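start_6.pdb follows; it contains PDB, N, CA and C atoms.
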```pdb
ATOM      1  N   MET U  61      17.479 219.782 138.993
ATOM      2  CA  MET U  61      18.930 219.810 138.985
ATOM      3  C   MET U  61      19.480 218.726 138.068
ATOM      4  N   LEU U  62      18.949 217.537 138.170
ATOM      5  CA  LEU U  62      19.416 216.424 137.357
ATOM      6  C   LEU U  62      19.150 216.683 135.874
ATOM      7  N   LEU U  63      18.049 217.300 135.561
ATOM      8  CA  LEU U  63      17.700 217.606 134.179
ATOM      9  C   LEU U  63      18.691 218.602 133.571
ATOM     10  N   SER U  64      19.117 219.576 134.326
ATOM     11  CA  SER U  64      20.040 220.578 133.791
ATOM     12  C   SER U  64      21.427 219.973 133.564
ATOM     13  N   ILE U  65      21.860 218.993 134.373
ATOM     14  CA  ILE U  65      23.158 218.323 134.176
ATOM     15  C   ILE U  65      23.127 217.511 132.885
ATOM     16  N   LYS U  66      22.034 216.815 132.645
ATOM     17  CA  LYS U  66      21.907 216.042 131.404
ATOM     18  C   LYS U  66      21.930 216.970 130.187
ATOM     19  N   LYS U  67      21.310 218.109 130.314
ATOM     20  CA  LYS U  67      21.257 219.063 129.221
ATOM     21  C   LYS U  67      22.672 219.578 128.904
ATOM     22  N   ILE U  68      23.468 219.853 129.918
ATOM     23  CA  ILE U  68      24.837 220.348 129.729
ATOM     24  C   ILE U  68      25.694 219.274 129.070
ATOM     25  N   LYS U  69      25.565 218.027 129.483
ATOM     26  CA  LYS U  69      26.355 216.937 128.916
ATOM     27  C   LYS U  69      26.040 216.737 127.443
ATOM     28  N   THR U  70      24.782 216.772 127.069
ATOM     29  CA  THR U  70      24.435 216.542 125.670
ATOM     30  C   THR U  70      24.862 217.718 124.796
ATOM     31  N   GLN U  71      24.850 218.916 125.327
ATOM     32  CA  GLN U  71      25.261 220.070 124.541
ATOM     33  C   GLN U  71      26.763 220.065 124.284
ATOM     34  N   SER U  72      27.555 219.557 125.188
ATOM     35  CA  SER U  72      29.005 219.557 124.993
ATOM     36  C   SER U  72      29.439 218.493 123.982
ATOM     37  N   ILE U  73      28.628 217.488 123.751
ATOM     38  CA  ILE U  73      28.977 216.419 122.821
ATOM     39  C   ILE U  73      28.657 216.812 121.378
ATOM     40  N   LEU U  74      27.675 217.623 121.162
ATOM     41  CA  LEU U  74      27.241 217.990 119.820
ATOM     42  C   LEU U  74      28.322 218.798 119.100
ATOM     43  N   MET U  75      28.438 218.574 117.783
ATOM     44  CA  MET U  75      29.397 219.303 116.954
ATOM     45  C   MET U  75      28.641 220.112 115.914
ATOM     46  N   SER U  76      29.366 220.993 115.276
ATOM     47  CA  SER U  76      28.786 221.750 114.164
ATOM     48  C   SER U  76      28.464 220.782 113.037
ATOM     49  N   PRO U  77      27.536 221.130 112.167
ATOM     50  CA  PRO U  77      27.132 220.200 111.100
ATOM     51  C   PRO U  77      28.268 219.811 110.150
ATOM     52  N   GLY U  78      29.209 220.678 109.881
ATOM     53  CA  GLY U  78      30.253 220.360 108.913
ATOM     54  C   GLY U  78      31.517 219.775 109.509
ATOM     55  N   THR U  79      31.601 219.640 110.815
ATOM     56  CA  THR U  79      32.828 219.177 111.460
ATOM     57  C   THR U  79      33.235 217.760 111.055
ATOM     58  N   PRO U  80      32.356 216.778 111.054
ATOM     59  CA  PRO U  80      32.772 215.432 110.622
ATOM     60  C   PRO U  80      33.265 215.408 109.172
ATOM     61  N   ASP U  81      32.605 216.185 108.318
ATOM     62  CA  ASP U  81      33.039 216.250 106.922
ATOM     63  C   ASP U  81      34.440 216.848 106.816
ATOM     64  N   LEU U  82      34.682 217.887 107.580
ATOM     65  CA  LEU U  82      35.995 218.528 107.566
ATOM     66  C   LEU U  82      37.073 217.580 108.084
ATOM     67  N   ILE U  83      36.780 216.837 109.129
ATOM     68  CA  ILE U  83      37.743 215.871 109.678
ATOM     69  C   ILE U  83      38.047 214.790 108.648
ATOM     70  N   LEU U  84      37.022 214.267 107.990
ATOM     71  CA  LEU U  84      37.235 213.249 106.953
ATOM     72  C   LEU U  84      38.036 213.805 105.784
ATOM     73  N   PHE U  85      37.762 215.030 105.394
ATOM     74  CA  PHE U  85      38.501 215.656 104.299
ATOM     75  C   PHE U  85      39.979 215.819 104.648
ATOM     76  N   ILE U  86      40.271 216.251 105.868
ATOM     77  CA  ILE U  86      41.661 216.412 106.310
ATOM     78  C   ILE U  86      42.369 215.060 106.332
ATOM     79  N   LEU U  87      41.708 214.027 106.856
ATOM     80  CA  LEU U  87      42.313 212.690 106.874
ATOM     81  C   LEU U  87      42.561 212.174 105.468
ATOM     82  N   PHE U  88      41.641 212.435 104.553
ATOM     83  CA  PHE U  88      41.800 212.028 103.161
ATOM     84  C   PHE U  88      43.003 212.722 102.527
ATOM     85  N   CYS U  89      43.136 214.011 102.764
ATOM     86  CA  CYS U  89      44.272 214.764 102.203
ATOM     87  C   CYS U  89      45.593 214.277 102.779
ATOM     88  N   VAL U  90      45.633 214.022 104.068
ATOM     89  CA  VAL U  90      46.862 213.514 104.692
ATOM     90  C   VAL U  90      47.211 212.143 104.120
ATOM     91  N   GLY U  91      46.209 211.317 103.902
ATOM     92  CA  GLY U  91      46.442 209.998 103.308
ATOM     93  C   GLY U  91      46.998 210.103 101.897
ATOM     94  N   LEU U  92      46.471 211.022 101.106
ATOM     95  CA  LEU U  92      46.994 211.226  99.753
ATOM     96  C   LEU U  92      48.447 211.696  99.777
ATOM     97  N   GLN U  93      48.748 212.596 100.682
ATOM     98  CA  GLN U  93      50.124 213.080 100.795
ATOM     99  C   GLN U  93      51.059 211.942 101.194
ATOM    100  N   ALA U  94      50.598 211.095 102.093
ATOM    101  CA  ALA U  94      51.439 209.986 102.564
ATOM    102  C   ALA U  94      51.720 208.986 101.459
ATOM    103  N   THR U  95      50.782 208.819 100.512
ATOM    104  CA  THR U  95      50.988 207.828  99.455
ATOM    105  C   THR U  95      52.138 208.178  98.531
ATOM    106  N   TRP U  96      52.490 209.450  98.400
ATOM    107  CA  TRP U  96      53.632 209.777  97.545
ATOM    108  C   TRP U  96      54.865 210.185  98.347
ATOM    109  N   ILE U  97      54.703 210.604  99.594
ATOM    110  CA  ILE U  97      55.869 211.000 100.388
ATOM    111  C   ILE U  97      56.597 209.779 100.945
ATOM    112  N   ILE U  98      55.872 208.785 101.422
ATOM    113  CA  ILE U  98      56.502 207.607 102.041
ATOM    114  C   ILE U  98      57.415 206.866 101.058
ATOM    115  N   PRO U  99      57.005 206.609  99.799
ATOM    116  CA  PRO U  99      57.938 205.951  98.870
ATOM    117  C   PRO U  99      59.201 206.773  98.593
ATOM    118  N   ILE U 100      59.065 208.092  98.553
ATOM    119  CA  ILE U 100      60.248 208.939  98.332
ATOM    120  C   ILE U 100      61.211 208.810  99.502
ATOM    121  N   ILE U 101      60.694 208.807 100.707
ATOM    122  CA  ILE U 101      61.549 208.683 101.894
ATOM    123  C   ILE U 101      62.236 207.318 101.907
ATOM    124  N   LYS U 102      61.499 206.258 101.573
ATOM    125  CA  LYS U 102      62.099 204.920 101.543
ATOM    126  C   LYS U 102      63.207 204.839 100.500
ATOM    127  N   LYS U 103      62.973 205.419  99.323
ATOM    128  CA  LYS U 103      63.979 205.394  98.264
ATOM    129  C   LYS U 103      65.217 206.171  98.689
ATOM    130  N   ASN U 104      65.015 207.299  99.341
ATOM    131  CA  ASN U 104      66.129 208.108  99.813
ATOM    132  C   ASN U 104      66.956 207.340 100.846
ATOM    133  N   ASN U 105      66.298 206.616 101.736
ATOM    134  CA  ASN U 105      67.016 205.826 102.736
ATOM    135  C   ASN U 105      67.841 204.723 102.077
ATOM    136  N   LYS U 106      67.281 204.093 101.032
ATOM    137  CA  LYS U 106      68.017 203.050 100.323
ATOM    138  C   LYS U 106      69.256 203.639  99.647
ATOM    139  N   LEU U 107      69.090 204.838  99.051
ATOM    140  CA  LEU U 107      70.230 205.485  98.397
ATOM    141  C   LEU U 107      71.304 205.858  99.420
ATOM    142  N   ASN U 108      70.876 206.319 100.593
ATOM    143  CA  ASN U 108      71.842 206.665 101.642
ATOM    144  C   ASN U 108      72.611 205.429 102.108
ATOM    145  N   ASP U 109      71.900 204.313 102.261
ATOM    146  CA  ASP U 109      72.558 203.071 102.667
ATOM    147  C   ASP U 109      73.569 202.626 101.618
ATOM    148  N   ARG U 110      73.186 202.711 100.349
ATOM    149  CA  ARG U 110      74.089 202.318  99.264
ATOM    150  C   ARG U 110      75.309 203.243  99.233
ATOM    151  N   GLY U 111      75.093 204.526  99.485
ATOM    152  CA  GLY U 111      76.201 205.484  99.527
ATOM    153  C   GLY U 111      77.187 205.149 100.641
ATOM    154  N   ARG U 112      76.673 204.747 101.797
ATOM    155  CA  ARG U 112      77.558 204.358 102.914
ATOM    156  C   ARG U 112      78.376 203.127 102.541
ATOM    157  N   GLU U 113      77.706 202.157 101.911
ATOM    158  CA  GLU U 113      78.413 200.936 101.502
ATOM    159  C   GLU U 113      79.515 201.266 100.504
ATOM    160  N   LEU U 114      79.232 202.138  99.558
ATOM    161  CA  LEU U 114      80.240 202.509  98.568
ATOM    162  C   LEU U 114      81.412 203.246  99.217
ATOM    163  N   ARG U 115      81.121 204.131 100.169
ATOM    164  CA  ARG U 115      82.204 204.849 100.866
ATOM    165  C   ARG U 115      83.104 203.880 101.628
ATOM    166  N   GLU U 116      82.481 202.868 102.266
ATOM    167  CA  GLU U 116      83.283 201.870 102.985
ATOM    168  C   GLU U 116      84.158 201.071 102.022
ATOM    169  N   GLU U 117      83.605 200.712 100.863
ATOM    170  CA  GLU U 117      84.389 199.978  99.876
ATOM    171  C   GLU U 117      85.541 200.835  99.354
ATOM    172  N   ILE U 118      85.284 202.101  99.148
ATOM    173  CA  ILE U 118      86.335 203.013  98.681
ATOM    174  C   ILE U 118      87.448 203.106  99.718
ATOM    175  N   LYS U 119      87.082 203.228 100.990
ATOM    176  CA  LYS U 119      88.091 203.310 102.053
ATOM    177  C   LYS U 119      88.928 202.036 102.108
ATOM    178  N   GLN U 120      88.274 200.884 101.959
ATOM    179  CA  GLN U 120      89.006 199.617 101.981
ATOM    180  C   GLN U 120      89.967 199.527 100.805
ATOM    181  N   LEU U 121      89.523 199.943  99.635
ATOM    182  CA  LEU U 121      90.394 199.913  98.457
ATOM    183  C   LEU U 121      91.555 200.892  98.604
ATOM    184  N   GLU U 122      91.290 202.061  99.169
ATOM    185  CA  GLU U 122      92.373 203.034  99.385
ATOM    186  C   GLU U 122      93.412 202.470 100.344
ATOM    187  N   LYS U 123      92.959 201.808 101.420
ATOM    188  CA  LYS U 123      93.908 201.206 102.355
ATOM    189  C   LYS U 123      94.717 200.108 101.669
ATOM    190  N   LEU U 124      94.059 199.319 100.837
ATOM    191  CA  LEU U 124      94.726 198.211 100.147
ATOM    192  C   LEU U 124      95.794 198.728  99.185
ATOM    193  N   TYR U 125      95.506 199.751  98.432
ATOM    194  CA  TYR U 125      96.435 200.244  97.410
ATOM    195  C   TYR U 125      97.472 201.220  97.963
ATOM    196  N   LYS U 126      97.299 201.716  99.192
ATOM    197  CA  LYS U 126      98.306 202.588  99.805
ATOM    198  C   LYS U 126      99.506 201.770 100.279
ATOM    199  N   LYS U 127      99.320 200.489 100.512
ATOM    200  CA  LYS U 127     100.405 199.637 101.032
ATOM    201  C   LYS U 127     101.436 199.370  99.998
TER     202      LYS U 127
END
```
Output the structure of this file as structure tokens.
Amino acid sequence: MLLSIKKIKTQSILMSPGTPDLILFILFCVGLQATWIIPIIKKNNKLNDRGRELREEIKQLEKLYKK
């Protein structure tokens, strides 16, 4: 009985021969995608922040010159 339990445990841990390679390949591809997507997102956020600042300045100037 004990021998058959050990056999079941070891069989559930084993993977197909190409599985680790596939996992590494997927992680590599995701890493490559992140290297060019993250800078674009950061730049877009900076542009959005600058746009908000400009809109606030425009509103302040409009209030100043409406008086």
Quiz item: atom CA of U:Pro77 and atom CA of U:Leu92, how far apart in Å?
Solution: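 So the two atoms, atom CA of U:Leu92 and atom CA of U:Pro77, lie 24.6 Å apart.
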What are the centre and the three edge lengths of an axis-aligned box that wraps all atoms of stretch 100-116 of chain U in the file, given that 6 Å is added to every side, written as lines of an AutoDock Vina configuration file and rounded to one decimal in Å?
```
center_x = 71.6
center_y = 204.9
center_z = 100.6
size_x = 37.1
size_y = 20.0
size_z = 16.7
```
Quiz item: Between atom C of U:Arg112 and atom N of U:Leu124, what is the spacing in Å?
Solution: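 Atom-to-atom, atom N of U:Leu124 and atom C of U:Arg112 are spaced 16.2 Å apart.
Of note, atom C of U:Lys103 and atom N of U:Arg115 are spaced 16.1 Å apart.
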